[in-house]
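work.cif (mmCIF, C-alpha atoms)
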```
data_structure
loop_
_atom_site.label_atom_id
_atom_site.label_comp_id
_atom_site.auth_asym_id
_atom_site.auth_seq_id
_atom_site.Cartn_x
_atom_site.Cartn_y
_atom_site.Cartn_z
CA MET A 1 11.31 71.18 57.41
CA ALA A 2 7.91 72.81 57.07
CA GLY A 3 6.45 69.98 59.12
CA VAL A 4 8.98 70.58 61.88
CA GLY A 5 8.09 74.27 61.93
CA ALA A 6 4.38 73.49 62.16
CA VAL A 7 4.92 71.15 65.10
CA GLN A 8 7.06 73.77 66.82
CA SER A 9 4.31 76.35 66.36
CA VAL A 10 1.72 74.02 67.86
CA ASP A 11 4.04 73.31 70.78
CA ARG A 12 4.56 77.03 71.38
CA ALA A 13 0.84 77.73 71.12
CA ALA A 14 0.19 75.08 73.78
CA GLN A 15 2.85 76.71 75.97
CA VAL A 16 1.09 80.08 75.60
CA LEU A 17 -2.17 78.54 76.82
CA GLU A 18 -0.39 76.96 79.77
CA ILE A 19 1.31 80.23 80.70
CA LEU A 20 -2.05 81.99 80.79
CA ALA A 21 -3.67 79.12 82.71
CA ARG A 22 -0.93 79.61 85.31
CA ASP A 23 -0.75 83.42 85.40
CA GLY A 24 -4.28 84.51 84.47
CA GLU A 25 -3.08 87.10 81.96
CA SER A 26 0.17 88.27 80.43
CA GLY A 27 1.63 90.75 77.98
CA VAL A 28 2.97 89.55 74.65
CA GLY A 29 6.49 90.66 75.58
CA ARG A 30 6.52 88.55 78.72
CA ILE A 31 5.14 85.56 76.79
CA ALA A 32 7.91 85.98 74.21
CA ALA A 33 10.55 86.09 76.94
CA GLU A 34 9.25 82.93 78.58
CA LEU A 35 9.09 81.08 75.25
CA GLY A 36 12.51 82.37 74.26
CA VAL A 37 11.26 83.77 70.93
CA HIS A 38 11.13 87.16 69.25
CA GLN A 39 8.15 89.32 70.18
CA SER A 40 6.88 89.21 66.58
CA THR A 41 6.71 85.40 66.80
CA ALA A 42 4.77 85.60 70.03
CA SER A 43 2.43 88.18 68.48
CA ARG A 44 1.64 85.82 65.58
CA LEU A 45 0.93 82.97 67.99
CA VAL A 46 -1.36 85.17 70.07
CA ALA A 47 -3.18 86.43 66.97
CA ALA A 48 -3.79 82.87 65.74
CA LEU A 49 -5.16 81.82 69.12
CA GLU A 50 -7.35 84.93 69.25
CA ARG A 51 -8.90 84.02 65.89
CA HIS A 52 -10.09 80.76 67.43
CA GLU A 53 -11.29 82.58 70.58
CA LEU A 54 -8.80 80.65 72.68
CA LEU A 55 -7.35 83.97 73.82
CA GLU A 56 -8.88 87.40 74.29
CA ARG A 57 -7.88 90.88 75.40
CA GLN A 58 -9.94 93.77 76.69
CA SER A 59 -8.09 96.45 74.71
CA ASP A 60 -5.78 96.66 71.71
CA GLY A 61 -2.24 96.01 72.80
CA GLY A 62 -3.37 95.04 76.30
CA PRO A 63 -2.58 91.82 78.15
CA VAL A 64 -4.13 88.59 76.87
CA ARG A 65 -6.01 85.94 78.79
CA LEU A 66 -7.78 82.67 78.04
CA GLY A 67 -10.89 83.08 75.92
CA VAL A 68 -14.30 81.45 75.63
CA GLY A 69 -12.99 78.94 73.10
CA VAL A 70 -11.23 77.16 75.95
CA LEU A 71 -14.61 76.65 77.62
CA ARG A 72 -15.99 75.02 74.49
CA LEU A 73 -13.08 72.58 74.42
CA ALA A 74 -13.47 71.86 78.11
CA ALA A 75 -17.18 71.17 77.71
CA ALA A 76 -16.43 68.71 74.92
CA THR A 77 -14.03 66.71 77.08
CA ARG A 78 -15.80 66.92 80.44
CA SER A 79 -17.79 63.75 79.85
CA ARG A 80 -14.53 61.85 79.25
CA LEU A 81 -12.86 63.22 82.35
CA ASP A 82 -14.83 60.96 84.67
CA LEU A 83 -12.55 59.99 87.52
CA THR A 84 -13.24 56.27 87.45
CA ALA A 85 -12.88 56.12 83.67
CA GLN A 86 -9.48 57.78 83.87
CA ALA A 87 -8.33 55.79 86.89
CA GLY A 88 -9.60 52.34 85.91
CA PRO A 89 -6.83 51.32 83.48
CA VAL A 90 -4.16 52.62 85.84
CA CYS A 91 -5.66 50.73 88.80
CA ASP A 92 -5.81 47.54 86.75
CA ARG A 93 -2.15 47.80 85.75
CA LEU A 94 -1.11 48.59 89.31
CA ALA A 95 -3.02 45.63 90.73
CA GLU A 96 -1.31 43.38 88.19
CA GLN A 97 2.08 44.88 89.04
CA LEU A 98 1.71 44.56 92.81
CA GLY A 99 -0.42 41.44 92.85
CA GLU A 100 -2.74 42.91 95.49
CA THR A 101 -6.11 44.68 95.64
CA VAL A 102 -6.10 48.31 94.51
CA ASN A 103 -8.91 50.71 95.42
CA LEU A 104 -9.81 54.27 94.48
CA ALA A 105 -11.77 56.21 97.11
CA VAL A 106 -13.16 59.71 97.56
CA TYR A 107 -14.22 61.68 100.64
CA ARG A 108 -17.95 61.94 101.27
CA SER A 109 -19.56 63.22 104.48
CA GLY A 110 -17.05 61.92 106.99
CA ALA A 111 -16.18 58.65 105.26
CA ALA A 112 -14.12 57.23 102.40
CA VAL A 113 -16.31 55.89 99.59
CA ASN A 114 -14.73 53.37 97.21
CA LEU A 115 -15.34 54.06 93.52
CA TYR A 116 -13.21 51.44 91.80
CA GLN A 117 -11.48 48.18 92.70
CA ALA A 118 -8.95 46.09 90.84
CA GLN A 119 -8.07 42.60 92.03
CA GLY A 120 -4.45 41.50 92.04
CA THR A 121 -3.32 38.09 90.86
CA ARG A 122 -2.33 37.00 94.40
CA THR A 123 -5.48 38.13 96.19
CA VAL A 124 -7.48 35.60 98.17
CA ALA A 125 -10.39 37.70 99.48
CA LEU A 126 -12.86 38.64 96.75
CA HIS A 127 -14.93 41.18 98.68
CA ASN A 128 -15.89 44.04 96.39
CA TRP A 129 -15.57 47.35 98.23
CA VAL A 130 -17.06 49.50 95.44
CA GLY A 131 -19.79 51.68 96.89
CA ASP A 132 -18.85 50.88 100.49
CA ARG A 133 -18.24 53.63 103.02
CA THR A 134 -15.18 53.02 105.16
CA VAL A 135 -13.85 54.89 108.17
CA LEU A 136 -11.18 57.54 107.79
CA HIS A 137 -8.96 57.01 110.81
CA ALA A 138 -8.25 53.28 110.39
CA THR A 139 -7.71 53.03 106.62
CA SER A 140 -4.88 54.30 104.45
CA SER A 141 -7.27 55.92 101.94
CA GLY A 142 -9.20 57.54 104.76
CA LYS A 143 -6.06 58.97 106.31
CA MET A 144 -4.85 60.35 102.98
CA LEU A 145 -8.22 61.99 102.29
CA MET A 146 -8.46 63.32 105.83
CA ALA A 147 -4.92 64.71 105.65
CA HIS A 148 -5.90 66.95 102.76
CA LEU A 149 -9.20 68.26 104.10
CA PRO A 150 -9.47 71.95 105.02
CA SER A 151 -8.00 72.38 108.52
CA GLU A 152 -11.32 73.32 110.14
CA GLU A 153 -13.08 70.23 108.79
CA ARG A 154 -10.14 68.00 109.69
CA GLU A 155 -10.07 69.30 113.27
CA SER A 156 -13.82 68.75 113.56
CA LEU A 157 -13.34 65.11 112.58
CA LEU A 158 -10.42 64.75 114.99
CA ALA A 159 -12.61 66.04 117.82
CA ALA A 160 -15.24 63.33 117.23
CA PRO A 161 -15.07 59.89 118.94
CA ARG A 162 -13.48 57.06 116.94
CA GLU A 163 -14.24 53.34 116.86
CA THR A 164 -11.59 50.76 117.72
CA PHE A 165 -11.37 47.85 115.29
CA THR A 166 -8.15 46.12 116.36
CA GLU A 167 -5.48 46.58 118.99
CA ALA A 168 -3.53 48.66 116.45
CA THR A 169 -6.33 51.15 115.67
CA VAL A 170 -5.20 54.73 116.32
CA THR A 171 -7.89 56.66 118.19
CA ALA A 172 -5.92 59.40 120.00
CA ALA A 173 -6.40 62.71 118.20
CA ALA A 174 -2.83 63.90 118.82
CA VAL A 175 -1.31 60.71 117.40
CA LEU A 176 -3.63 60.72 114.40
CA ARG A 177 -2.91 64.39 113.74
CA ARG A 178 0.83 63.63 113.57
CA GLU A 179 0.14 60.76 111.16
CA LEU A 180 -1.90 63.06 108.91
CA ASP A 181 0.85 65.67 108.92
CA ASP A 182 3.40 62.98 108.03
CA ALA A 183 1.15 61.71 105.22
CA ARG A 184 0.95 65.17 103.66
CA GLU A 185 4.70 65.66 103.92
CA ARG A 186 5.89 62.32 102.53
CA GLY A 187 3.04 61.79 100.06
CA TRP A 188 1.59 58.52 101.37
CA ALA A 189 -0.37 57.13 104.31
CA SER A 190 -0.44 53.67 105.82
CA ALA A 191 -2.72 51.52 107.97
CA ILE A 192 -0.97 48.59 109.61
CA GLU A 193 -3.53 46.06 110.88
CA GLU A 194 -5.70 48.99 112.04
CA PHE A 195 -8.96 48.08 110.30
CA GLU A 196 -8.55 44.32 110.12
CA GLU A 197 -5.99 42.11 111.85
CA GLY A 198 -3.47 40.78 109.39
CA LEU A 199 -4.31 43.39 106.73
CA ASN A 200 -1.95 46.23 105.77
CA ALA A 201 -2.58 49.06 103.33
CA VAL A 202 -0.92 52.15 101.91
CA ALA A 203 -2.42 55.06 99.94
CA ALA A 204 -1.31 57.99 97.79
CA PRO A 205 -3.21 61.08 96.60
CA VAL A 206 -4.93 61.76 93.29
CA ARG A 207 -5.25 65.44 92.34
CA GLY A 208 -7.77 67.28 90.20
CA PRO A 209 -7.11 70.00 87.63
CA GLU A 210 -6.75 72.70 90.31
CA GLY A 211 -4.22 70.67 92.28
CA THR A 212 -6.50 69.72 95.17
CA VAL A 213 -6.65 66.10 96.33
CA VAL A 214 -9.85 64.57 94.93
CA ALA A 215 -9.25 60.89 95.68
CA ALA A 216 -6.94 58.39 97.32
CA LEU A 217 -5.40 55.42 95.54
CA SER A 218 -4.60 52.48 97.83
CA VAL A 219 -3.28 48.95 97.82
CA ALA A 220 -4.09 46.43 100.53
CA GLY A 221 -2.83 42.95 101.22
CA PRO A 222 -2.18 40.43 103.98
CA ALA A 223 0.63 41.35 106.36
CA TYR A 224 2.66 38.29 105.40
CA ARG A 225 2.87 39.58 101.80
CA LEU A 226 2.58 43.33 102.31
CA GLY A 227 4.66 43.77 105.43
CA ARG A 228 5.67 46.98 107.16
CA GLU A 229 9.03 46.85 105.34
CA ASP A 230 7.25 46.56 101.96
CA LEU A 231 5.13 49.67 102.38
CA PRO A 232 7.64 52.29 101.13
CA THR A 233 8.17 50.37 97.87
CA ALA A 234 4.43 49.95 97.39
CA ALA A 235 3.98 53.64 98.21
CA GLY A 236 6.41 54.59 95.45
CA ALA A 237 4.39 52.63 92.91
CA LEU A 238 1.17 54.19 94.21
CA ILE A 239 2.56 57.72 94.04
CA ARG A 240 3.59 57.23 90.41
CA ALA A 241 0.19 55.73 89.56
CA GLY A 242 -1.59 58.54 91.42
CA GLU A 243 0.38 61.10 89.42
CA GLU A 244 -0.60 59.36 86.19
CA ILE A 245 -4.29 59.39 87.13
CA SER A 246 -3.97 63.04 88.13
CA ARG A 247 -2.51 63.91 84.71
CA ARG A 248 -5.28 61.96 82.97
CA PHE A 249 -7.79 63.87 85.07
CA GLY A 250 -6.34 67.22 83.99
CA HIS A 251 -3.78 68.02 86.69
CA ARG A 252 -0.55 69.68 85.60
CA ALA A 253 1.97 69.76 88.43
CA ASP A 254 4.14 72.33 86.63
CA ILE A 255 1.21 74.78 86.64
CA THR A 256 -0.77 74.20 89.84
CA GLY A 257 1.78 72.32 91.95
#
```

Spit out the file's structure as structure tokens when you get a sec.
Amino acid sequence: MAGVGAVQSVDRAAQVLEILARDGESGVGRIAAELGVHQSTASRLVAALERHELLERQSDGGPVRLGVGVLRLAAATRSRLDLTAQAGPVCDRLAEQLGETVNLAVYRSGAAVNLYQAQGTRTVALHNWVGDRTVLHATSSGKMLMAHLPSEERESLLAAPRETFTEATVTAAAVLRRELDDARERGWASAIEEFEEGLNAVAAPVRGPEGTVVAALSVAGPAYRLGREDLPTAAGALIRAGEEISRRFGHRADITG
């Protein structure tokens, strides 16, 4: 039973840290209410966390907030929170699941830059896109990244001329703007033979610790295997994988949304 109590205390201590990460600071009474425990229990938890400098308060009896000890822990894990390191295993599993090529891309100076690629078992083309810069408006990753840019930067990109790659490439700003709005709302973006004829792709977001979109996770395949009707199912798998990468990268949806 003592072991159960110890685990419960650790769980509650973690909840205290998460409450303060969400709210900035809080009184012990409010922490107790949220945890559903007596105020004396919350006080003991806070005192233990204060001893390890994970919490601090400016005055006796005042509200508590995260302390410098959290920074030490963060510094120790920062080297392991490399995006490609966290995303790689997830991308590999997803490529195996879908049988197509999976890419992870980030936004850099008006383009999508691919950081990681996993080849599916059914893929024919072996081109490695890692390190390549690809356009935003004609790729699923580019659209997803563009959809989550600050509005001023997004509008600046929409005002610039766009290259046509196929007959399906969307170049009209008004049409592209609607697509970006739809991508934000439904959680995925698609490119149907817009960059290459016969090639379809869909992408979902990857979020960082603060909840902002830091990357796009995409899958691409020939239209005869990854047809328009297959995109929603592929998007569901991508969204789940993107959420897993986001969690591995430090995002907590229940705290930052």

Tell me which residues the PyMOL selection byres ((chain A and resi 137) around 8) grabs here, as a JSON list (two decimals) with C-alpha atoms, keeping the file's coordinate frame.
```json
[["chain", "number", "residue", "atom", "x", "y", "z"],
["A", 135, "VAL", "CA", -13.85, 54.89, 108.17],
["A", 136, "LEU", "CA", -11.18, 57.54, 107.79],
["A", 138, "ALA", "CA", -8.25, 53.28, 110.39],
["A", 139, "THR", "CA", -7.71, 53.03, 106.62],
["A", 142, "GLY", "CA", -9.20, 57.54, 104.76],
["A", 143, "LYS", "CA", -6.06, 58.97, 106.31],
["A", 162, "ARG", "CA", -13.48, 57.06, 116.94],
["A", 170, "VAL", "CA", -5.20, 54.73, 116.32],
["A", 171, "THR", "CA", -7.89, 56.66, 118.19],
["A", 176, "LEU", "CA", -3.63, 60.72, 114.40]]
```

### Task
Find the residue from A:Arg65, A:His38, A:Arg186, A:His251 that sits nearest to Ser26 of chain A; use only C-alpha atoms when measuring.
A:Arg65

### Query
If you measure from atom CA of Val113 of chain A to atom CA of Ala183 of chain A, what distance in Å do you get, rounded to one decimal?
19.2 Å

#### Entry: Computed interatomic separation between atom CA of Arg207 of chain A and atom CA of Glu244 of chain A (Å)
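According to the coordinates, atom CA of Arg207 of chain A and atom CA of Glu244 of chain A are separated by 9.8 Å.
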
### Task
For Leu180 of chain A, please output as JSON, numbers by chain all residues within 9 Å (counting all atoms listed in the file; exclusion window: fewer than 2 positions along the same chain).
{"A": [143, 144, 146, 147, 148, 175, 176, 177, 178, 182, 183, 184, 185, 189]}

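Here the question is which of A:Glu18, A:Glu96, A:Glu194, A:Glu155 gets nearest to Ala168 of chain A using only C-alpha atoms, and that residue is A:Glu194.
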
### Task
Output the residue selection produced by the PyMOL selection byres ((chain A and resi 61) around 12) on the file above, formatted as an NGL selection string.
:A and (26-29 or 43 or 46-47 or 56-60 or 62-64)

### Query
What is the distance, in Å and to one decimal place, between atom CA of Ala13 of chain A and atom CA of Gly208 of chain A?
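Separation of atom CA of Ala13 of chain A and atom CA of Gly208 of chain A: 23.4 Å.
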
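The residue that comes closest to Asn200 of chain A, out of A:Gly120, A:Gly110, A:Val130, A:Glu100 and on the basis of only C-alpha atoms, is A:Glu100.
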
### Task
Find the residue from A:Gly227, A:Gly236, A:Gly221, A:Gly67 that sits nearest to Gln119 of chain A; use only C-alpha atoms when measuring.
A:Gly221

### Query
Between A:Leu158, A:Ala118, A:Ala21, A:Leu71, which has the minimum distance to Gln97 of chain A (counting all atoms listed in the file)?
A:Ala118

Report the centre and edge lengths, in Å to one decimal, of an axis-aligned box enclosing every atom of segment 137-141 of chain A listed in the file, padded by 4 Å on each side, as JSON.
```
{"center_x": -6.9, "center_y": 55.0, "center_z": 106.4, "size_x": 12.1, "size_y": 12.0, "size_z": 16.9}
```

## Note on the structure
From the list A:Ala172, A:Ala237, A:Val206, A:Ile19, the nearest residue to Phe249 of chain A using all atoms listed in the file is A:Val206

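Against this structure, the PyMOL selection byres ((chain A and resi 248) around 12) ends up with A:Thr77, A:Arg78, A:Arg80, A:Leu81, A:Asp82, A:Leu83, A:Thr84, A:Ala85, A:Gln86, A:Ala87, A:Gly88, A:Pro89, A:Val90, A:Val206, A:Arg207, A:Gly208, A:Pro209, A:Ala241, A:Gly242, A:Glu243, A:Glu244, A:Ile245, A:Ser246, A:Arg247, A:Phe249, A:Gly250, A:His251, A:Arg252, A:Ala253.
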
### Task
Take the point (4.8, 75.0, 75.4) in the file's coordinates, draw a sphere of radius 12 Å around it, and report as a list in words every protein, DNA or RNA residue with an atom inside or on it, counting all atoms listed in the file.
Val7, Gln8, Ser9, Val10, Asp11, Arg12, Ala13, Ala14, Gln15, Val16, Leu17, Glu18, Ile19, Leu20, Ala21, Ile31, Ala32, Glu34, Leu35, Gly36, Val37, Ala42, Leu45, Asp254 and Ile255 of chain A

Generate all heavy atoms for segment 229-240 of chain A and emit them as a PDB file, keeping the file's coordinate frame.
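out-v3.pdb, written as the output of this step:
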```pdb
ATOM      1  N   GLU A 229       7.820  46.505 106.108  1.00  0.00           N
ATOM      2  CA  GLU A 229       9.030  46.850 105.340  1.00  0.00           C
ATOM      3  C   GLU A 229       8.748  46.994 103.850  1.00  0.00           C
ATOM      4  O   GLU A 229       9.554  47.584 103.109  1.00  0.00           O
ATOM      5  CB  GLU A 229      10.113  45.788 105.561  1.00  0.00           C
ATOM      6  CG  GLU A 229       9.821  44.421 104.965  1.00  0.00           C
ATOM      7  CD  GLU A 229       8.865  43.573 105.809  1.00  0.00           C
ATOM      8  OE1 GLU A 229       8.380  44.050 106.867  1.00  0.00           O
ATOM      9  OE2 GLU A 229       8.610  42.419 105.412  1.00  0.00           O
ATOM     10  N   ASP A 230       7.613  46.475 103.381  1.00  0.00           N
ATOM     11  CA  ASP A 230       7.250  46.560 101.960  1.00  0.00           C
ATOM     12  C   ASP A 230       6.488  47.842 101.618  1.00  0.00           C
ATOM     13  O   ASP A 230       6.327  48.175 100.440  1.00  0.00           O
ATOM     14  CB  ASP A 230       6.386  45.363 101.560  1.00  0.00           C
ATOM     15  CG  ASP A 230       7.086  44.040 101.801  1.00  0.00           C
ATOM     16  OD1 ASP A 230       8.263  43.921 101.431  1.00  0.00           O
ATOM     17  OD2 ASP A 230       6.449  43.139 102.389  1.00  0.00           O
ATOM     18  N   LEU A 231       6.007  48.533 102.632  1.00  0.00           N
ATOM     19  CA  LEU A 231       5.130  49.670 102.380  1.00  0.00           C
ATOM     20  C   LEU A 231       5.791  50.808 101.596  1.00  0.00           C
ATOM     21  O   LEU A 231       5.166  51.369 100.694  1.00  0.00           O
ATOM     22  CB  LEU A 231       4.552  50.195 103.703  1.00  0.00           C
ATOM     23  CG  LEU A 231       3.659  49.210 104.471  1.00  0.00           C
ATOM     24  CD1 LEU A 231       3.087  49.869 105.716  1.00  0.00           C
ATOM     25  CD2 LEU A 231       2.541  48.671 103.587  1.00  0.00           C
ATOM     26  N   PRO A 232       7.035  51.200 101.915  1.00  0.00           N
ATOM     27  CA  PRO A 232       7.640  52.290 101.130  1.00  0.00           C
ATOM     28  C   PRO A 232       7.740  51.982  99.638  1.00  0.00           C
ATOM     29  O   PRO A 232       7.515  52.867  98.802  1.00  0.00           O
ATOM     30  CB  PRO A 232       9.023  52.460 101.778  1.00  0.00           C
ATOM     31  CG  PRO A 232       8.847  51.975 103.172  1.00  0.00           C
ATOM     32  CD  PRO A 232       7.904  50.817 103.054  1.00  0.00           C
ATOM     33  N   THR A 233       8.087  50.738  99.289  1.00  0.00           N
ATOM     34  CA  THR A 233       8.170  50.370  97.870  1.00  0.00           C
ATOM     35  C   THR A 233       6.798  50.422  97.217  1.00  0.00           C
ATOM     36  O   THR A 233       6.640  50.948  96.103  1.00  0.00           O
ATOM     37  CB  THR A 233       8.763  48.954  97.725  1.00  0.00           C
ATOM     38  OG1 THR A 233      10.075  48.936  98.298  1.00  0.00           O
ATOM     39  CG2 THR A 233       8.848  48.557  96.264  1.00  0.00           C
ATOM     40  N   ALA A 234       5.792  49.884  97.912  1.00  0.00           N
ATOM     41  CA  ALA A 234       4.430  49.950  97.390  1.00  0.00           C
ATOM     42  C   ALA A 234       3.969  51.400  97.269  1.00  0.00           C
ATOM     43  O   ALA A 234       3.291  51.768  96.300  1.00  0.00           O
ATOM     44  CB  ALA A 234       3.477  49.163  98.290  1.00  0.00           C
ATOM     45  N   ALA A 235       4.359  52.222  98.250  1.00  0.00           N
ATOM     46  CA  ALA A 235       3.980  53.640  98.210  1.00  0.00           C
ATOM     47  C   ALA A 235       4.558  54.328  96.996  1.00  0.00           C
ATOM     48  O   ALA A 235       3.893  55.166  96.361  1.00  0.00           O
ATOM     49  CB  ALA A 235       4.441  54.332  99.492  1.00  0.00           C
ATOM     50  N   GLY A 236       5.810  53.992  96.644  1.00  0.00           N
ATOM     51  CA  GLY A 236       6.410  54.590  95.450  1.00  0.00           C
ATOM     52  C   GLY A 236       5.628  54.282  94.195  1.00  0.00           C
ATOM     53  O   GLY A 236       5.399  55.163  93.350  1.00  0.00           O
ATOM     54  N   ALA A 237       5.199  53.024  94.070  1.00  0.00           N
ATOM     55  CA  ALA A 237       4.390  52.630  92.910  1.00  0.00           C
ATOM     56  C   ALA A 237       3.046  53.351  92.911  1.00  0.00           C
ATOM     57  O   ALA A 237       2.547  53.786  91.861  1.00  0.00           O
ATOM     58  CB  ALA A 237       4.188  51.119  92.900  1.00  0.00           C
ATOM     59  N   LEU A 238       2.450  53.492  94.090  1.00  0.00           N
ATOM     60  CA  LEU A 238       1.170  54.190  94.210  1.00  0.00           C
ATOM     61  C   LEU A 238       1.300  55.662  93.859  1.00  0.00           C
ATOM     62  O   LEU A 238       0.433  56.233  93.179  1.00  0.00           O
ATOM     63  CB  LEU A 238       0.632  54.060  95.636  1.00  0.00           C
ATOM     64  CG  LEU A 238      -0.079  52.757  95.986  1.00  0.00           C
ATOM     65  CD1 LEU A 238      -0.206  52.642  97.493  1.00  0.00           C
ATOM     66  CD2 LEU A 238      -1.451  52.684  95.334  1.00  0.00           C
ATOM     67  N   ILE A 239       2.359  56.302  94.332  1.00  0.00           N
ATOM     68  CA  ILE A 239       2.560  57.720  94.040  1.00  0.00           C
ATOM     69  C   ILE A 239       2.673  57.933  92.535  1.00  0.00           C
ATOM     70  O   ILE A 239       2.057  58.847  91.974  1.00  0.00           O
ATOM     71  CB  ILE A 239       3.808  58.242  94.766  1.00  0.00           C
ATOM     72  CG1 ILE A 239       3.537  58.335  96.271  1.00  0.00           C
ATOM     73  CG2 ILE A 239       4.220  59.617  94.222  1.00  0.00           C
ATOM     74  CD1 ILE A 239       4.765  58.619  97.109  1.00  0.00           C
ATOM     75  N   ARG A 240       3.443  57.092  91.864  1.00  0.00           N
ATOM     76  CA  ARG A 240       3.590  57.230  90.410  1.00  0.00           C
ATOM     77  C   ARG A 240       2.248  57.000  89.699  1.00  0.00           C
ATOM     78  O   ARG A 240       1.891  57.733  88.764  1.00  0.00           O
ATOM     79  CB  ARG A 240       4.642  56.252  89.886  1.00  0.00           C
ATOM     80  CG  ARG A 240       6.058  56.601  90.325  1.00  0.00           C
ATOM     81  CD  ARG A 240       7.081  55.719  89.630  1.00  0.00           C
ATOM     82  NE  ARG A 240       7.005  54.325  90.055  1.00  0.00           N
ATOM     83  CZ  ARG A 240       7.631  53.829  91.114  1.00  0.00           C
ATOM     84  NH1 ARG A 240       8.387  54.625  91.864  1.00  0.00           N
ATOM     85  NH2 ARG A 240       7.533  52.557  91.432  1.00  0.00           N
TER      86      ARG A 240
END
```
